[in-house]
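Structure file coords13.csv (CSV, C-alpha atoms) follows.
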chain,number,residue,atom,x,y,z
A,1,MET,CA,0.0,0.0,0.0
A,2,GLY,CA,2.9,2.4,0.6
A,3,GLU,CA,3.9,2.1,-3.1
A,4,LEU,CA,1.0,4.1,-4.4
A,5,LYS,CA,2.0,7.0,-6.7
A,6,PRO,CA,0.1,10.2,-7.1
A,7,TYR,CA,-2.3,10.4,-10.0
A,8,ARG,CA,-0.4,13.1,-11.8
A,9,LEU,CA,3.3,13.7,-11.4
A,10,LYS,CA,4.3,17.3,-11.0
A,11,SER,CA,6.0,18.7,-14.1
A,12,ASP,CA,9.6,19.8,-13.4
A,13,ALA,CA,9.8,22.1,-16.5
A,14,PRO,CA,8.8,25.6,-15.5
A,15,LEU,CA,7.2,27.9,-18.0
A,16,THR,CA,9.6,30.0,-20.0
A,17,GLY,CA,9.3,33.8,-20.1
A,18,GLY,CA,7.7,33.8,-23.5
A,19,ALA,CA,5.1,31.3,-22.4
A,20,ARG,CA,4.3,33.4,-19.4
A,21,PHE,CA,3.8,36.5,-21.6
A,22,ILE,CA,1.5,34.5,-24.0
A,23,ARG,CA,-0.5,33.0,-21.1
A,24,GLY,CA,-0.8,36.3,-19.3
A,25,PHE,CA,-2.0,38.2,-22.4
A,26,THR,CA,-4.3,35.4,-23.3
A,27,ARG,CA,-6.0,35.6,-19.9
A,28,ILE,CA,-6.3,39.4,-20.2
A,29,GLY,CA,-7.8,38.9,-23.7
A,30,ALA,CA,-10.3,36.4,-22.3
A,31,VAL,CA,-11.4,38.8,-19.5
A,32,VAL,CA,-11.8,41.7,-22.0
A,33,ALA,CA,-13.8,39.4,-24.4
A,34,VAL,CA,-16.1,38.4,-21.6
A,35,LEU,CA,-16.7,42.1,-20.7
A,36,ILE,CA,-17.4,42.9,-24.4
A,37,VAL,CA,-19.9,40.1,-24.6
A,38,LEU,CA,-21.7,41.2,-21.4
A,39,ALA,CA,-21.8,44.8,-22.5
A,40,GLY,CA,-22.8,43.9,-26.0
A,41,ILE,CA,-25.6,41.6,-25.1
A,42,ALA,CA,-27.0,44.0,-22.6
A,43,THR,CA,-26.9,46.9,-25.1
A,44,THR,CA,-28.3,44.8,-28.0
A,45,ILE,CA,-31.2,43.6,-25.9
A,46,PHE,CA,-32.0,47.1,-24.7
A,47,VAL,CA,-31.9,48.6,-28.2
A,48,SER,CA,-34.0,45.9,-29.8
A,49,ILE,CA,-36.6,46.1,-27.1
A,50,ASP,CA,-36.7,49.8,-27.3
A,51,ARG,CA,-37.1,49.6,-31.1
A,52,TYR,CA,-40.0,47.1,-30.7
A,53,ASN,CA,-41.7,49.3,-28.1
A,54,SER,CA,-41.3,52.3,-30.4
A,55,ASP,CA,-43.0,50.4,-33.3
A,56,VAL,CA,-45.9,49.3,-31.0
A,57,ARG,CA,-46.4,52.9,-29.8
A,58,LYS,CA,-46.3,54.2,-33.4
A,59,HIS,CA,-49.0,51.6,-34.4
A,60,GLU,CA,-51.1,52.6,-31.5
A,61,ASP,CA,-50.8,56.3,-32.4
A,62,ALA,CA,-51.7,55.5,-36.0
A,63,LEU,CA,-54.8,53.6,-34.8
A,64,CYS,CA,-55.9,56.6,-32.7
A,65,VAL,CA,-55.3,59.1,-35.6
A,66,ALA,CA,-57.1,56.8,-38.1
A,67,HIS,CA,-60.1,56.5,-35.7
A,68,LEU,CA,-60.3,60.3,-35.6
A,69,ALA,CA,-59.9,60.7,-39.3
A,70,ARG,CA,-62.6,58.2,-40.1
A,71,GLY,CA,-64.8,60.0,-37.7
A,72,GLY,CA,-64.5,63.2,-39.7
A,73,TRP,CA,-61.9,65.0,-37.7
A,74,SER,CA,-60.0,67.7,-39.8
A,75,PHE,CA,-56.4,68.0,-38.8
A,76,LYS,CA,-54.7,71.4,-38.8
A,77,LYS,CA,-51.3,72.2,-40.1
A,78,LYS,CA,-48.5,71.8,-37.6
A,79,TYR,CA,-46.8,74.9,-38.7
A,80,ASP,CA,-48.0,77.7,-41.0
A,81,TYR,CA,-45.1,77.3,-43.4
A,82,SER,CA,-45.3,73.5,-43.8
A,83,SER,CA,-47.8,70.9,-45.1
A,84,ASP,CA,-47.3,68.6,-42.1
A,85,LEU,CA,-50.4,67.9,-40.1
A,86,ASP,CA,-50.7,68.0,-36.3
A,87,TYR,CA,-51.7,64.6,-35.1
A,88,SER,CA,-51.5,65.5,-31.3
A,89,VAL,CA,-55.2,66.1,-31.0
A,90,GLY,CA,-58.2,64.4,-29.5
A,91,GLY,CA,-56.1,62.4,-27.0
A,92,CYS,CA,-53.7,61.0,-29.6
A,93,SER,CA,-50.0,61.3,-29.2
A,94,GLY,CA,-48.9,62.1,-32.7
A,95,TRP,CA,-45.2,62.8,-32.2
A,96,SER,CA,-44.1,59.5,-33.7
A,97,LEU,CA,-46.2,60.2,-36.8
A,98,SER,CA,-44.7,63.6,-37.6
A,99,TYR,CA,-43.9,64.3,-41.2
A,100,GLN,CA,-46.2,61.5,-42.5
A,101,SER,CA,-49.2,62.1,-44.7
A,102,LEU,CA,-52.7,61.1,-43.4
A,103,ASN,CA,-52.9,58.3,-46.0
A,104,ASP,CA,-49.7,56.8,-44.7
A,105,VAL,CA,-50.9,57.0,-41.2
A,106,ILE,CA,-54.2,55.3,-42.1
A,107,ALA,CA,-52.3,52.6,-44.0
A,108,MET,CA,-50.1,52.1,-41.0
A,109,ALA,CA,-53.2,51.7,-38.8
A,110,ASP,CA,-54.7,49.1,-41.2
A,111,ALA,CA,-51.6,47.0,-41.1
A,112,PRO,CA,-51.4,44.3,-38.5
A,113,ALA,CA,-49.8,45.1,-35.1
A,114,PRO,CA,-46.1,44.7,-35.1
A,115,MET,CA,-44.7,41.5,-33.6
A,116,PHE,CA,-41.1,41.2,-32.4
A,117,LEU,CA,-40.0,38.7,-35.0
A,118,SER,CA,-41.6,40.6,-37.9
A,119,SER,CA,-40.3,44.0,-36.9
A,120,GLU,CA,-36.9,45.6,-37.3
A,121,ALA,CA,-36.2,44.8,-33.7
A,122,SER,CA,-35.3,41.2,-34.5
A,123,SER,CA,-32.8,42.3,-37.1
A,124,ILE,CA,-31.2,44.7,-34.6
A,125,LEU,CA,-31.0,41.8,-32.1
A,126,GLY,CA,-29.4,39.5,-34.6
A,127,TRP,CA,-26.9,42.0,-36.0
A,128,GLY,CA,-26.0,43.2,-32.5
A,129,LEU,CA,-25.2,39.7,-31.3
A,130,VAL,CA,-23.1,39.0,-34.4
A,131,ILE,CA,-21.2,42.3,-34.0
A,132,THR,CA,-20.7,41.5,-30.3
A,133,GLY,CA,-19.3,38.1,-31.0
A,134,GLY,CA,-17.0,39.5,-33.7
A,135,LEU,CA,-15.7,42.2,-31.3
A,136,ALA,CA,-15.1,39.6,-28.5
A,137,VAL,CA,-13.1,37.3,-30.8
A,138,THR,CA,-11.1,40.2,-32.2
A,139,ALA,CA,-10.2,41.4,-28.7
A,140,TYR,CA,-9.2,38.0,-27.6
A,141,LEU,CA,-7.0,37.4,-30.7
A,142,ALA,CA,-5.5,40.9,-30.4
A,143,PHE,CA,-4.4,40.3,-26.8
A,144,TRP,CA,-3.0,36.9,-27.8
A,145,CYS,CA,-1.0,38.5,-30.6
A,146,ILE,CA,0.3,41.2,-28.3
A,147,GLY,CA,1.5,38.5,-25.9
A,148,TRP,CA,3.0,36.5,-28.8
A,149,VAL,CA,4.9,39.6,-30.0
A,150,PHE,CA,6.2,40.4,-26.5
A,151,ALA,CA,7.2,36.8,-26.0
A,152,GLY,CA,9.5,37.2,-29.0
A,153,PHE,CA,11.5,39.8,-27.1
A,154,THR,CA,12.2,37.5,-24.1
A,155,ARG,CA,15.2,35.3,-23.8
A,156,ASP,CA,14.4,31.7,-23.2
A,157,ALA,CA,17.4,30.0,-21.6
Final structure tokens representation of the file:
Amino acid sequence: MGELKPYRLKSDAPLTGGARFIRGFTRIGAVVAVLIVLAGIATTIFVSIDRYNSDVRKHEDALCVAHLARGGWSFKKKYDYSSDLDYSVGGCSGWSLSYQSLNDVIAMADAPAPMFLSSEASSILGWGLVITGGLAVTAYLAFWCIGWVFAGFTRDA
């Protein structure tokens, strides 16, 4: 029983200076990549949800304006010098519909309500995740390359 050997023998070869540089910068690159992924995912989710909510509010505003227009409401000009109509009347919040004609607003109201997968928000989410992944990989590889270059200046004896 006294002749049992440990499962793994300790390696007697220490890391060289160059290997230490590469390992250190690779670890720094991994930490930076994780931080980029966390920030990128949070930002992408926030922006895509905000875009979806904006599309929903715009559709609700269009429904309100279309209801007024079909009821015979006559909209006044927003400014004396422009042809834009003021849709912020009758309880409607028309700021999201500025600079659109009444026909466009009614067409928007007749369209189905936006869903996340059919709106631009899903595209924003997809591209945001792709860009986040690309930036994380680029950061990791950049730090690995910096470590590799610095390792070239060390003297391995």
> So what do you get for atom CA of A:Val37 versus atom CA of A:Tyr140, distance-wise?
Replying inline: 11.3 Å
> Hey, can you check how far atom CA of A:Pro114 sits from atom CA of A:Leu97?
Replying inline: 15.6 Å
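Shortest separation to A:Ala69 among A:Gln100, A:Val105, A:Trp148, A:Asp84 occurs at residue A:Val105, atoms counted being all atoms listed in the file.
Excluding A:Gly71 itself and any same-chain residue fewer than 6 positions from it, the protein and nucleic acid residues within 12 Å of it, counting all atoms listed in the file, are Cys64, Val65 and Gly90 of chain A.
The closest residue to A:Ser93, picked from A:Asp80, A:Glu120, A:Asp61, A:Asp110 and counting only C-alpha atoms, is A:Asp61.
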> With distances taken over only C-alpha atoms, which of A:Thr138, A:Gly152, A:Gly126, A:Leu102 is nearest to A:Val47?
Replying inline: A:Gly126
> Looking at all atoms listed in the file, which of A:Thr16, A:Ser96, A:Ser122, A:Arg23 is the one that sits closest to A:Lys58?
Replying inline: A:Ser96
>> So the first atom is atom CA of A:Gly18 and the second is atom CA of A:Arg155; what is the distance between them in Å, to one decimal place?
In response: 7.7 Å
> Within 12 Å of (-6.3, 42.7, -29.4), in the coordinates the file gives, what residues turn up when you count only C-alpha atoms, written out as number ranges by chain?
Replying inline: A: 25-33, 134-149
> Near A:Leu85, within 7 Å and counting only C-alpha atoms, which residues show up once chain neighbours fewer than 2 positions away are dropped, as a ChimeraX atom specification?
Replying inline: /A:75-78,83,87
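Each of A:Ala39, A:Ser88, A:Asn103, A:Tyr79 was checked against A:Ala66 using all atoms listed in the file; the smallest atom-to-atom distance is that of A:Asn103.
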> Which is closer to A:Ala107 than all the others in A:Ala42, A:Leu63, A:Thr154, A:Val34, using all atoms listed in the file?
Replying inline: A:Leu63
